[in-house]
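With mmCIF, C-alpha atoms inside, this is protein_5.cif:
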```
data_model
#
loop_
_atom_site.group_PDB
_atom_site.id
_atom_site.type_symbol
_atom_site.label_atom_id
_atom_site.label_comp_id
_atom_site.auth_asym_id
_atom_site.auth_seq_id
_atom_site.Cartn_x
_atom_site.Cartn_y
_atom_site.Cartn_z
ATOM 1 C CA MET A 1 0.000 0.000 0.000
ATOM 2 C CA MET A 2 2.854 2.384 0.706
ATOM 3 C CA LEU A 3 4.176 1.817 -2.807
ATOM 4 C CA LEU A 4 0.780 2.577 -4.332
ATOM 5 C CA ALA A 5 0.492 5.731 -2.258
ATOM 6 C CA PHE A 6 3.902 6.878 -3.439
ATOM 7 C CA GLN A 7 2.974 6.436 -7.091
ATOM 8 C CA VAL A 8 -0.299 8.309 -6.584
ATOM 9 C CA LEU A 9 1.546 11.217 -4.973
ATOM 10 C CA CYS A 10 3.835 11.499 -7.977
ATOM 11 C CA PHE A 11 0.729 12.126 -10.083
ATOM 12 C CA LEU A 12 -1.404 13.883 -7.455
ATOM 13 C CA SER A 13 -2.724 16.450 -9.895
ATOM 14 C CA SER A 14 -3.560 13.901 -12.549
ATOM 15 C CA ARG A 15 -6.047 14.895 -15.248
ATOM 16 C CA SER A 16 -7.690 11.619 -16.127
ATOM 17 C CA ILE A 17 -7.250 7.870 -16.285
ATOM 18 C CA ILE A 18 -7.299 5.724 -19.379
ATOM 19 C CA ILE A 19 -7.505 1.991 -19.312
ATOM 20 C CA ASP A 20 -4.849 0.831 -21.736
ATOM 21 C CA ALA A 21 -2.122 -0.533 -19.497
ATOM 22 C CA PHE A 22 -3.336 -4.066 -19.907
ATOM 23 C CA LEU A 23 -3.508 -3.922 -23.707
ATOM 24 C CA SER A 24 0.240 -3.755 -24.251
ATOM 25 C CA PRO A 25 2.196 -6.997 -24.304
ATOM 26 C CA LYS A 26 4.601 -7.502 -21.423
ATOM 27 C CA PRO A 27 8.029 -9.152 -21.697
ATOM 28 C CA LYS A 28 8.483 -12.493 -20.011
ATOM 29 C CA ALA A 29 10.376 -10.885 -17.129
ATOM 30 C CA LEU A 30 7.381 -8.697 -16.268
ATOM 31 C CA THR A 31 4.716 -11.361 -15.665
ATOM 32 C CA GLN A 32 4.842 -10.993 -11.885
ATOM 33 C CA THR A 33 4.280 -7.235 -11.935
ATOM 34 C CA ASN A 34 1.414 -6.122 -9.723
ATOM 35 C CA ALA A 35 -1.312 -5.025 -12.138
ATOM 36 C CA ALA A 36 -2.667 -2.175 -10.030
ATOM 37 C CA SER A 37 0.765 -0.655 -9.488
ATOM 38 C CA ALA A 38 1.556 -1.033 -13.178
ATOM 39 C CA MET A 39 -1.580 0.859 -14.123
ATOM 40 C CA ILE A 40 -0.740 3.746 -11.802
ATOM 41 C CA SER A 41 2.659 4.206 -13.456
ATOM 42 C CA SER A 42 1.326 3.913 -16.972
ATOM 43 C CA VAL A 43 -2.040 5.545 -17.461
ATOM 44 C CA LEU A 44 -2.176 8.796 -15.522
ATOM 45 C CA HIS A 45 -2.113 12.181 -17.183
ATOM 46 C CA ALA A 46 0.189 14.123 -14.860
ATOM 47 C CA ALA A 47 -0.008 17.836 -14.195
ATOM 48 C CA PRO A 48 2.793 19.917 -15.713
ATOM 49 C CA ALA A 49 6.112 19.825 -13.904
ATOM 50 C CA LYS A 50 6.837 22.624 -11.445
ATOM 51 C CA LYS A 51 10.623 22.574 -11.112
ATOM 52 C CA VAL A 52 11.470 23.713 -14.634
ATOM 53 C CA HIS A 53 14.333 26.085 -15.364
ATOM 54 C CA ILE A 54 15.047 27.570 -18.791
ATOM 55 C CA LEU A 55 18.571 28.966 -18.819
ATOM 56 C CA ALA A 56 20.049 31.297 -21.397
ATOM 57 C CA THR A 57 22.825 29.097 -22.730
ATOM 58 C CA GLU A 58 24.142 25.550 -22.938
ATOM 59 C CA ALA A 59 27.047 26.653 -20.740
ATOM 60 C CA ASP A 60 24.580 27.723 -18.052
ATOM 61 C CA VAL A 61 22.946 24.289 -18.103
ATOM 62 C CA THR A 62 26.337 22.626 -17.763
ATOM 63 C CA ALA A 63 27.250 24.923 -14.872
ATOM 64 C CA ALA A 64 23.986 24.163 -13.085
ATOM 65 C CA VAL A 65 24.444 20.396 -13.409
ATOM 66 C CA HIS A 66 28.028 20.661 -12.180
ATOM 67 C CA GLN A 67 26.971 22.635 -9.128
ATOM 68 C CA ILE A 68 24.169 20.175 -8.351
ATOM 69 C CA VAL A 69 26.578 17.231 -8.528
ATOM 70 C CA GLU A 70 29.021 18.971 -6.197
ATOM 71 C CA SER A 71 26.374 20.143 -3.725
ATOM 72 C CA SER A 72 24.559 16.784 -3.682
ATOM 73 C CA ALA A 73 27.831 14.978 -3.010
ATOM 74 C CA LYS A 74 28.869 17.276 -0.207
ATOM 75 C CA LYS A 75 25.430 17.148 1.422
ATOM 76 C CA ALA A 76 25.279 13.342 1.330
ATOM 77 C CA ILE A 77 28.794 12.951 2.696
ATOM 78 C CA ALA A 78 28.123 15.461 5.461
ATOM 79 C CA THR A 79 24.964 13.539 6.402
ATOM 80 C CA ARG A 80 26.146 9.925 6.300
ATOM 81 C CA GLY A 81 29.690 9.867 4.936
ATOM 82 C CA HIS A 82 28.933 8.627 1.404
ATOM 83 C CA PHE A 83 27.460 9.713 -1.939
ATOM 84 C CA ALA A 84 25.398 7.449 -4.251
ATOM 85 C CA LEU A 85 25.245 8.680 -7.848
ATOM 86 C CA ALA A 86 23.443 7.231 -10.881
ATOM 87 C CA ILE A 87 24.228 8.400 -14.417
ATOM 88 C CA PRO A 88 23.048 7.584 -17.952
ATOM 89 C CA GLY A 89 24.954 7.754 -21.194
ATOM 90 C CA GLY A 90 24.501 10.180 -24.071
ATOM 91 C CA SER A 91 24.766 13.930 -23.616
ATOM 92 C CA VAL A 92 25.085 13.674 -19.829
ATOM 93 C CA LEU A 93 28.537 12.161 -20.302
ATOM 94 C CA LYS A 94 29.552 15.259 -22.256
ATOM 95 C CA VAL A 95 28.325 17.462 -19.418
ATOM 96 C CA LEU A 96 30.193 15.471 -16.777
ATOM 97 C CA SER A 97 33.361 15.358 -18.869
ATOM 98 C CA ALA A 98 33.776 19.083 -18.227
ATOM 99 C CA LEU A 99 33.491 18.713 -14.456
ATOM 100 C CA ASN A 100 36.609 18.922 -12.323
ATOM 101 C CA PRO A 101 35.652 17.920 -8.759
ATOM 102 C CA ASP A 102 36.663 20.610 -6.300
ATOM 103 C CA SER A 103 37.042 18.340 -3.264
ATOM 104 C CA ASP A 104 37.602 14.716 -2.276
ATOM 105 C CA TRP A 105 33.938 13.641 -2.611
ATOM 106 C CA VAL A 106 34.873 11.275 -5.455
ATOM 107 C CA GLU A 107 36.697 9.048 -2.964
ATOM 108 C CA LYS A 108 33.429 8.568 -1.078
ATOM 109 C CA THR A 109 31.184 7.962 -4.082
ATOM 110 C CA THR A 110 29.461 4.834 -5.386
ATOM 111 C CA LEU A 111 28.457 5.051 -9.040
ATOM 112 C CA ALA A 112 25.678 3.118 -10.768
ATOM 113 C CA PHE A 113 24.288 3.375 -14.278
ATOM 114 C CA VAL A 114 20.697 4.374 -15.000
ATOM 115 C CA ASN A 115 20.901 2.125 -18.030
ATOM 116 C CA HIS A 116 23.575 0.199 -19.899
ATOM 117 C CA LYS A 117 23.794 -1.950 -23.010
ATOM 118 C CA CYS A 118 24.553 -5.618 -22.567
ATOM 119 C CA VAL A 119 27.959 -5.481 -24.215
ATOM 120 C CA PRO A 120 31.548 -5.962 -23.035
ATOM 121 C CA ILE A 121 32.215 -3.175 -20.545
ATOM 122 C CA ASP A 122 35.444 -2.152 -22.310
ATOM 123 C CA ASP A 123 33.655 -1.550 -25.635
ATOM 124 C CA VAL A 124 34.073 2.215 -26.009
ATOM 125 C CA SER A 125 31.701 2.294 -28.976
ATOM 126 C CA SER A 126 28.741 0.961 -26.986
ATOM 127 C CA ALA A 127 29.446 0.578 -23.261
ATOM 128 C CA ILE A 128 28.506 3.585 -21.147
ATOM 129 C CA GLU A 129 31.038 2.576 -18.500
ATOM 130 C CA ALA A 130 33.883 2.522 -21.016
ATOM 131 C CA GLN A 131 32.819 5.889 -22.414
ATOM 132 C CA ALA A 132 32.503 7.403 -18.947
ATOM 133 C CA ARG A 133 35.903 6.075 -17.910
ATOM 134 C CA GLU A 134 37.505 7.534 -20.989
ATOM 135 C CA LYS A 135 35.804 10.922 -20.640
ATOM 136 C CA PHE A 136 36.049 11.578 -16.907
ATOM 137 C CA LEU A 137 35.879 8.669 -14.411
ATOM 138 C CA ASP A 138 39.529 7.700 -14.715
ATOM 139 C CA ARG A 139 40.572 11.337 -14.487
ATOM 140 C CA TRP A 140 38.416 11.818 -11.413
ATOM 141 C CA GLY A 141 39.837 8.686 -9.845
ATOM 142 C CA LEU A 142 36.387 7.219 -9.180
ATOM 143 C CA THR A 143 36.794 3.487 -8.634
ATOM 144 C CA ASP A 144 33.672 2.379 -6.710
ATOM 145 C CA ILE A 145 31.640 1.553 -9.811
ATOM 146 C CA ILE A 146 28.810 -0.984 -10.053
ATOM 147 C CA SER A 147 29.791 -2.646 -13.317
ATOM 148 C CA MET A 148 27.917 -4.834 -15.750
ATOM 149 C CA GLY A 149 28.980 -8.412 -16.368
ATOM 150 C CA GLY A 150 29.681 -7.774 -20.036
ATOM 151 C CA THR A 151 27.454 -10.444 -21.600
ATOM 152 C CA SER A 152 24.590 -10.109 -24.092
ATOM 153 C CA ASP A 153 22.117 -11.897 -21.802
ATOM 154 C CA GLY A 154 19.675 -9.150 -20.801
ATOM 155 C CA GLU A 155 17.773 -11.043 -18.122
ATOM 156 C CA LYS A 156 20.948 -12.318 -16.461
ATOM 157 C CA GLU A 157 22.623 -8.916 -16.592
ATOM 158 C CA ALA A 158 19.599 -7.197 -15.047
ATOM 159 C CA ALA A 159 19.345 -9.788 -12.267
ATOM 160 C CA ASP A 160 23.077 -9.640 -11.568
ATOM 161 C CA TYR A 161 23.105 -5.833 -11.533
ATOM 162 C CA GLU A 162 20.266 -5.741 -9.026
ATOM 163 C CA ARG A 163 22.063 -8.314 -6.888
ATOM 164 C CA LYS A 164 25.219 -6.170 -6.895
ATOM 165 C CA MET A 165 23.252 -3.099 -5.841
ATOM 166 C CA LYS A 166 21.472 -4.979 -3.077
ATOM 167 C CA ALA A 167 24.825 -6.149 -1.728
ATOM 168 C CA ILE A 168 25.790 -2.525 -1.063
ATOM 169 C CA PRO A 169 25.138 -1.575 2.580
ATOM 170 C CA GLU A 170 22.460 0.982 3.334
ATOM 171 C CA SER A 171 25.124 3.307 4.697
ATOM 172 C CA LYS A 172 26.287 3.698 1.086
ATOM 173 C CA LEU A 173 22.999 3.185 -0.774
ATOM 174 C CA PRO A 174 19.996 3.922 1.466
ATOM 175 C CA ARG A 175 16.625 2.208 1.030
ATOM 176 C CA ASP A 176 13.149 3.605 1.550
ATOM 177 C CA ALA A 177 10.279 1.978 3.445
ATOM 178 C CA ASP A 178 9.340 -0.064 0.360
ATOM 179 C CA GLY A 179 12.875 -1.437 0.042
ATOM 180 C CA PHE A 180 13.835 0.588 -3.023
ATOM 181 C CA PRO A 181 17.267 2.233 -3.270
ATOM 182 C CA MET A 182 17.465 5.993 -2.821
ATOM 183 C CA PHE A 183 20.310 7.488 -4.819
ATOM 184 C CA ASP A 184 21.447 10.868 -3.596
ATOM 185 C CA LEU A 185 21.453 12.059 -7.193
ATOM 186 C CA ALA A 186 20.162 10.490 -10.399
ATOM 187 C CA LEU A 187 20.970 12.197 -13.676
ATOM 188 C CA VAL A 188 18.451 10.938 -16.227
ATOM 189 C CA GLY A 189 18.501 11.452 -19.978
ATOM 190 C CA VAL A 190 15.416 11.764 -22.193
ATOM 191 C CA GLY A 191 15.242 10.554 -25.786
ATOM 192 C CA ASP A 192 13.257 12.190 -28.575
ATOM 193 C CA ASP A 193 10.661 9.436 -28.143
ATOM 194 C CA GLY A 194 10.453 10.102 -24.402
ATOM 195 C CA HIS A 195 12.428 7.105 -23.196
ATOM 196 C CA ILE A 196 14.235 7.416 -19.871
ATOM 197 C CA GLY A 197 17.066 5.021 -19.168
ATOM 198 C CA SER A 198 15.979 2.085 -21.315
ATOM 199 C CA LEU A 199 12.288 2.430 -20.495
ATOM 200 C CA TYR A 200 10.728 2.950 -23.929
ATOM 201 C CA PRO A 201 7.187 4.015 -24.912
ATOM 202 C CA LYS A 202 4.402 1.455 -25.094
ATOM 203 C CA ARG A 203 6.536 -1.343 -23.658
ATOM 204 C CA GLY A 204 6.064 -3.351 -20.498
ATOM 205 C CA GLU A 205 9.303 -2.238 -18.815
ATOM 206 C CA ILE A 206 7.701 1.078 -17.809
ATOM 207 C CA ASP A 207 5.059 -0.899 -15.875
ATOM 208 C CA VAL A 208 7.531 -2.569 -13.503
ATOM 209 C CA VAL A 209 6.843 -0.643 -10.311
ATOM 210 C CA ASP A 210 6.246 -3.265 -7.642
ATOM 211 C CA GLY A 211 9.591 -4.608 -6.501
ATOM 212 C CA PRO A 212 12.415 -4.967 -9.034
ATOM 213 C CA TRP A 213 15.204 -2.406 -9.041
ATOM 214 C CA THR A 214 16.332 -3.226 -12.565
ATOM 215 C CA VAL A 215 14.715 -4.613 -15.671
ATOM 216 C CA PRO A 216 16.028 -6.053 -18.951
ATOM 217 C CA ALA A 217 14.976 -4.024 -21.985
ATOM 218 C CA PHE A 218 14.658 -5.664 -25.379
ATOM 219 C CA GLN A 219 13.794 -2.629 -27.499
ATOM 220 C CA LYS A 220 17.080 -3.021 -29.348
ATOM 221 C CA ASP A 221 19.680 -5.692 -30.063
ATOM 222 C CA PRO A 222 21.812 -6.157 -28.053
ATOM 223 C CA PRO A 223 19.441 -5.604 -25.125
ATOM 224 C CA SER A 224 20.008 -3.209 -22.267
ATOM 225 C CA ILE A 225 19.250 -3.072 -18.593
ATOM 226 C CA SER A 226 17.610 -0.130 -16.876
ATOM 227 C CA LEU A 227 16.759 1.068 -13.421
ATOM 228 C CA THR A 228 13.007 0.784 -12.958
ATOM 229 C CA LEU A 229 10.715 3.794 -12.734
ATOM 230 C CA PRO A 230 10.338 3.707 -8.920
ATOM 231 C CA VAL A 231 14.123 3.826 -8.510
ATOM 232 C CA MET A 232 14.386 6.911 -10.726
ATOM 233 C CA GLN A 233 11.487 8.533 -8.853
ATOM 234 C CA ARG A 234 12.899 7.829 -5.397
ATOM 235 C CA ALA A 235 16.284 9.459 -5.841
ATOM 236 C CA LYS A 236 16.705 12.267 -3.339
ATOM 237 C CA CYS A 237 17.367 14.467 -6.339
ATOM 238 C CA THR A 238 16.566 13.570 -9.953
ATOM 239 C CA VAL A 239 17.839 15.943 -12.635
ATOM 240 C CA ILE A 240 16.963 15.991 -16.324
ATOM 241 C CA SER A 241 18.894 18.392 -18.517
ATOM 242 C CA ALA A 242 18.730 19.197 -22.212
ATOM 243 C CA ALA A 243 20.962 21.645 -24.019
ATOM 244 C CA GLY A 244 22.582 22.209 -27.365
ATOM 245 C CA GLN A 245 21.318 22.331 -30.921
ATOM 246 C CA SER A 246 22.370 21.519 -34.472
ATOM 247 C CA VAL A 247 21.587 22.534 -38.037
ATOM 248 C CA LYS A 248 19.226 19.576 -38.289
ATOM 249 C CA TYR A 249 17.672 20.241 -34.877
ATOM 250 C CA PRO A 250 17.867 24.024 -34.330
ATOM 251 C CA ASN A 251 15.736 23.741 -31.183
ATOM 252 C CA GLY A 252 17.349 20.583 -29.857
ATOM 253 C CA LYS A 253 14.822 18.413 -28.025
ATOM 254 C CA ALA A 254 12.247 21.178 -27.597
ATOM 255 C CA SER A 255 9.305 19.053 -28.726
ATOM 256 C CA ALA A 256 10.298 16.150 -26.488
ATOM 257 C CA MET A 257 10.798 18.458 -23.512
ATOM 258 C CA ASN A 258 7.372 20.016 -24.007
ATOM 259 C CA LEU A 259 5.737 16.589 -24.135
ATOM 260 C CA ALA A 260 7.663 15.416 -21.082
ATOM 261 C CA ILE A 261 7.069 18.509 -18.984
ATOM 262 C CA ALA A 262 3.779 20.107 -19.960
ATOM 263 C CA ASP A 263 1.603 18.208 -22.448
ATOM 264 C CA LYS A 264 -1.803 17.559 -20.860
ATOM 265 C CA ASP A 265 -2.678 14.539 -22.950
ATOM 266 C CA VAL A 266 0.479 12.444 -22.814
ATOM 267 C CA THR A 267 0.803 9.508 -20.401
ATOM 268 C CA PRO A 268 3.910 7.706 -19.114
ATOM 269 C CA LYS A 269 2.993 4.754 -21.305
ATOM 270 C CA ASP A 270 3.081 7.061 -24.338
ATOM 271 C CA PHE A 271 6.022 9.150 -23.182
ATOM 272 C CA PRO A 272 7.877 7.665 -20.191
ATOM 273 C CA ALA A 273 9.685 10.887 -19.265
ATOM 274 C CA SER A 274 6.357 12.390 -18.182
ATOM 275 C CA ALA A 275 6.405 9.961 -15.232
ATOM 276 C CA LEU A 276 9.162 12.101 -13.705
ATOM 277 C CA ARG A 277 7.314 15.421 -13.904
ATOM 278 C CA GLU A 278 6.749 15.766 -10.182
ATOM 279 C CA CYS A 279 9.971 14.033 -9.166
ATOM 280 C CA ALA A 280 12.643 15.824 -11.211
ATOM 281 C CA VAL A 281 14.321 19.171 -11.643
ATOM 282 C CA TRP A 282 14.266 20.034 -15.365
ATOM 283 C CA ILE A 283 17.096 22.241 -16.628
ATOM 284 C CA LEU A 284 17.030 23.326 -20.281
ATOM 285 C CA ASP A 285 18.743 25.913 -22.401
ATOM 286 C CA GLU A 286 16.637 28.429 -24.304
ATOM 287 C CA PRO A 287 16.305 26.473 -27.588
ATOM 288 C CA ASN A 288 15.306 23.259 -25.797
ATOM 289 C CA GLY A 289 12.698 25.136 -23.777
ATOM 290 C CA SER A 290 11.382 27.147 -26.708
ATOM 291 C CA GLU A 291 8.028 25.329 -27.002
ATOM 292 C CA MET A 292 7.034 26.287 -23.460
ATOM 293 C CA ASP A 293 5.920 29.749 -22.413
ATOM 294 C CA LEU A 294 8.296 30.124 -19.482
ATOM 295 C CA GLU A 295 10.499 32.981 -18.386
ATOM 296 C CA LEU A 296 14.255 32.576 -18.242
ATOM 297 C CA SER A 297 15.597 31.324 -14.938
ATOM 298 C CA THR A 298 19.113 31.405 -13.513
ATOM 299 C CA VAL A 299 21.779 28.895 -12.600
ATOM 300 C CA GLU A 300 21.376 29.830 -8.964
ATOM 301 C CA LYS A 301 17.626 29.173 -8.967
ATOM 302 C CA ALA A 302 18.045 25.839 -10.720
ATOM 303 C CA VAL A 303 20.628 24.695 -8.200
ATOM 304 C CA ALA A 304 18.489 25.866 -5.282
ATOM 305 C CA ASP A 305 15.565 23.789 -6.580
ATOM 306 C CA ALA A 306 17.610 20.571 -6.578
#
```

Output the file's structure in the form of structure tokens.
Amino acid sequence: MMLLAFQVLCFLSSRSIIIDAFLSPKPKALTQTNAASAMISSVLHAAPAKKVHILATEADVTAAVHQIVESSAKKAIATRGHFALAIPGGSVLKVLSALNPDSDWVEKTTLAFVNHKCVPIDDVSSAIEAQAREKFLDRWGLTDIISMGGTSDGEKEAADYERKMKAIPESKLPRDADGFPMFDLALVGVGDDGHIGSLYPKRGEIDVVDGPWTVPAFQKDPPSISLTLPVMQRAKCTVISAAGQSVKYPNGKASAMNLAIADKDVTPKDFPASALRECAVWILDEPNGSEMDLELSTVEKAVADA
């Protein structure tokens, strides 16, 4: 019941309920999912997010994320002596590659991955861990990393990754009353289609809300593993950032950000990122926030909201 209450709170201002959660096929690994909990995660129209910050430039977004990482680390270490951080791949790695830690918090940090392909962990072309090591982890000197096994077996990798996380003492990775891990900071990326981690639209993985910490995802080949939605929601601070543009995409991910943050009709089943509306701090540069009628914010305000 506590888990159900938590999910309802995340969508407290929900607009309406649609009964489609049971129409989508579920992967084999999801057959034990509690149906009621799955529906709560998948069919609610959430109210627009409140902690949304549109910053003037890509550099401002990077600065805000850097300051949130530093402040989250120092706060966690001051409270219990350790910092638990979860990161994705993609553009977040670019942001973190420019960070030079200004204290010894790295030595007291445990790092997990929000999602990761089931590939050899030294494959720089595909493995998030290898890419992160090359870009910044080795330079930082961060060694307490929860690594994948490096096989292509999605179900085994997901089960093994969850087992490794559960072996970490609560002094390093706290749990909530429902037994879920509570990362001090989770940096989560959003795809153009709304996927978060490896939780993709209209697939059963987004419905896993009643127990598992990780789930195998078979959207692509090779498969991936992903933290489940409740784990992303329960981080003490969840941050989603989007910045940068190109000739092909002059407004970056503006359409995706609008759907994730403000669209009144979208559901988490349609667009998984919308499930984090009430649980995340959203930090965008001006192009990526251009489809929302919001005033410019500041780095300081974004950091204070985290």

Hits of the PyMOL selection byres ((chain A and resi 69) around 12) in this structure, as an mmCIF file with C-alpha atoms, in the frame of the given file:
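Saved file expr00.cif follows:
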```cif
data_model
loop_
_atom_site.group_PDB
_atom_site.id
_atom_site.type_symbol
_atom_site.label_atom_id
_atom_site.label_comp_id
_atom_site.auth_asym_id
_atom_site.auth_seq_id
_atom_site.Cartn_x
_atom_site.Cartn_y
_atom_site.Cartn_z
ATOM 1 C CA THR A 62 26.337 22.626 -17.763
ATOM 2 C CA ALA A 63 27.250 24.923 -14.872
ATOM 3 C CA ALA A 64 23.986 24.163 -13.085
ATOM 4 C CA VAL A 65 24.444 20.396 -13.409
ATOM 5 C CA HIS A 66 28.028 20.661 -12.180
ATOM 6 C CA GLN A 67 26.971 22.635 -9.128
ATOM 7 C CA ILE A 68 24.169 20.175 -8.351
ATOM 8 C CA GLU A 70 29.021 18.971 -6.197
ATOM 9 C CA SER A 71 26.374 20.143 -3.725
ATOM 10 C CA SER A 72 24.559 16.784 -3.682
ATOM 11 C CA ALA A 73 27.831 14.978 -3.010
ATOM 12 C CA LYS A 74 28.869 17.276 -0.207
ATOM 13 C CA LYS A 75 25.430 17.148 1.422
ATOM 14 C CA ALA A 76 25.279 13.342 1.330
ATOM 15 C CA PHE A 83 27.460 9.713 -1.939
ATOM 16 C CA ALA A 84 25.398 7.449 -4.251
ATOM 17 C CA LEU A 85 25.245 8.680 -7.848
ATOM 18 C CA ALA A 86 23.443 7.231 -10.881
ATOM 19 C CA ILE A 87 24.228 8.400 -14.417
ATOM 20 C CA VAL A 92 25.085 13.674 -19.829
ATOM 21 C CA VAL A 95 28.325 17.462 -19.418
ATOM 22 C CA LEU A 96 30.193 15.471 -16.777
ATOM 23 C CA LEU A 99 33.491 18.713 -14.456
ATOM 24 C CA ASN A 100 36.609 18.922 -12.323
ATOM 25 C CA PRO A 101 35.652 17.920 -8.759
ATOM 26 C CA ASP A 102 36.663 20.610 -6.300
ATOM 27 C CA SER A 103 37.042 18.340 -3.264
ATOM 28 C CA TRP A 105 33.938 13.641 -2.611
ATOM 29 C CA VAL A 106 34.873 11.275 -5.455
ATOM 30 C CA THR A 109 31.184 7.962 -4.082
ATOM 31 C CA ASP A 184 21.447 10.868 -3.596
ATOM 32 C CA LEU A 185 21.453 12.059 -7.193
ATOM 33 C CA ALA A 186 20.162 10.490 -10.399
ATOM 34 C CA LEU A 187 20.970 12.197 -13.676
ATOM 35 C CA CYS A 237 17.367 14.467 -6.339
ATOM 36 C CA THR A 238 16.566 13.570 -9.953
ATOM 37 C CA VAL A 239 17.839 15.943 -12.635
ATOM 38 C CA VAL A 303 20.628 24.695 -8.200
ATOM 39 C CA ALA A 306 17.610 20.571 -6.578
#
```

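Rounded to one decimal, CA of Gly289 in chain A and CA of Asn258 in chain A lie 7.4 Å from each other.
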
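Shortest separation to Thr110 in chain A among A:Ala56, A:Ala159, A:Ala130, A:Ile168 occurs at residue A:Ile168, atoms counted being only C-alpha atoms.
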
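The coordinates place CA of Gly150 in chain A at 8.4 Å from CA of Asp122 in chain A.
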
Report task. Identify all residues satisfying the PyMOL selection byres ((chain A and resi 97) around 10) in the given file; provide them as a list in words. Result -> Ser91, Val92, Leu93, Lys94, Val95, Leu96, Ala98, Leu99, Asn100, Ala132, Arg133, Glu134, Lys135, Phe136, Leu137, Arg139 and Trp140 of chain A

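The two atoms in question, CA of Trp213 in chain A and CA of Ala49 in chain A, are spaced 24.5 Å apart.
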
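Considering only C-alpha atoms, the residue among A:Asp285, A:Asp193, A:Glu157, A:Asp210 positioned nearest to Phe180 in chain A is A:Asp210.
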
Starting from the point (21.7, 3.7, -21.3), work out which residues of protein, DNA or RNA have an atom no more than 9 Å away when counting only C-alpha atoms; state them as an mmCIF file with C-alpha atoms, in the frame of the given file.
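Result file part00.cif:
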```cif
data_model
loop_
_atom_site.group_PDB
_atom_site.id
_atom_site.type_symbol
_atom_site.label_atom_id
_atom_site.label_comp_id
_atom_site.auth_asym_id
_atom_site.auth_seq_id
_atom_site.Cartn_x
_atom_site.Cartn_y
_atom_site.Cartn_z
ATOM 1 C CA ILE A 87 24.228 8.400 -14.417
ATOM 2 C CA PRO A 88 23.048 7.584 -17.952
ATOM 3 C CA GLY A 89 24.954 7.754 -21.194
ATOM 4 C CA GLY A 90 24.501 10.180 -24.071
ATOM 5 C CA PHE A 113 24.288 3.375 -14.278
ATOM 6 C CA VAL A 114 20.697 4.374 -15.000
ATOM 7 C CA ASN A 115 20.901 2.125 -18.030
ATOM 8 C CA HIS A 116 23.575 0.199 -19.899
ATOM 9 C CA LYS A 117 23.794 -1.950 -23.010
ATOM 10 C CA ALA A 127 29.446 0.578 -23.261
ATOM 11 C CA ILE A 128 28.506 3.585 -21.147
ATOM 12 C CA GLY A 189 18.501 11.452 -19.978
ATOM 13 C CA ILE A 196 14.235 7.416 -19.871
ATOM 14 C CA GLY A 197 17.066 5.021 -19.168
ATOM 15 C CA SER A 198 15.979 2.085 -21.315
ATOM 16 C CA SER A 224 20.008 -3.209 -22.267
ATOM 17 C CA ILE A 225 19.250 -3.072 -18.593
ATOM 18 C CA SER A 226 17.610 -0.130 -16.876
#
```

Query - Residues within 9 Å of Met292 in chain A, all atoms listed in the file, excluding chain neighbours under 5 positions, as an MDAnalysis selection string - result: chainID A and resid 254 257:258 261:262

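Using all atoms listed in the file, the shortest contact distance between Ala217 in chain A and any of A:Lys269, A:Asp153, A:Asp192, A:Arg163 is found at A:Asp153.
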
Query raised in the report: Care to translate the PyMOL selection byres ((chain A and resi 160) around 12) into actual residues of this file, as a PyMOL selection string?
Result: chain A and resi 118+146-151+153-159+161-167+212-216+225

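The residue that comes closest to Ala59 in chain A, out of A:Ala304, A:Ser125, A:Ser241, A:Ser255 and on the basis of only C-alpha atoms, is A:Ser241.
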
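Shortest atom-to-atom contact with Val119 in chain A among A:Ile283, A:Phe218, A:His195, A:Ser152: A:Ser152, counting all atoms listed in the file.
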
**Report entry** Nearby residues (only C-alpha atoms) at most 10 Å from Gly244 in chain A, same-chain spacing under 6 positions excluded, as JSON, numbers by chain
**Finding:** {"A": [57, 58, 59, 61, 91, 250, 251, 252, 253, 284, 285, 286, 287, 288]}

Requested in this report: Write out as a PyMOL selection string each polymer residue whose atoms come within 10 Å of Gln219 in chain A, counting all atoms listed in the file; drop sequence neighbours fewer than 3 positions from it.
Outcome: chain A and resi 198-201+203+205+216+222-224

**Report entry** Within 8 Å of file point (14.0, 25.5, -16.4), counting all atoms listed in the file, expressed as a ChimeraX atom specification
**Finding:** /A:51-55,281-285,289,294,296-297,302
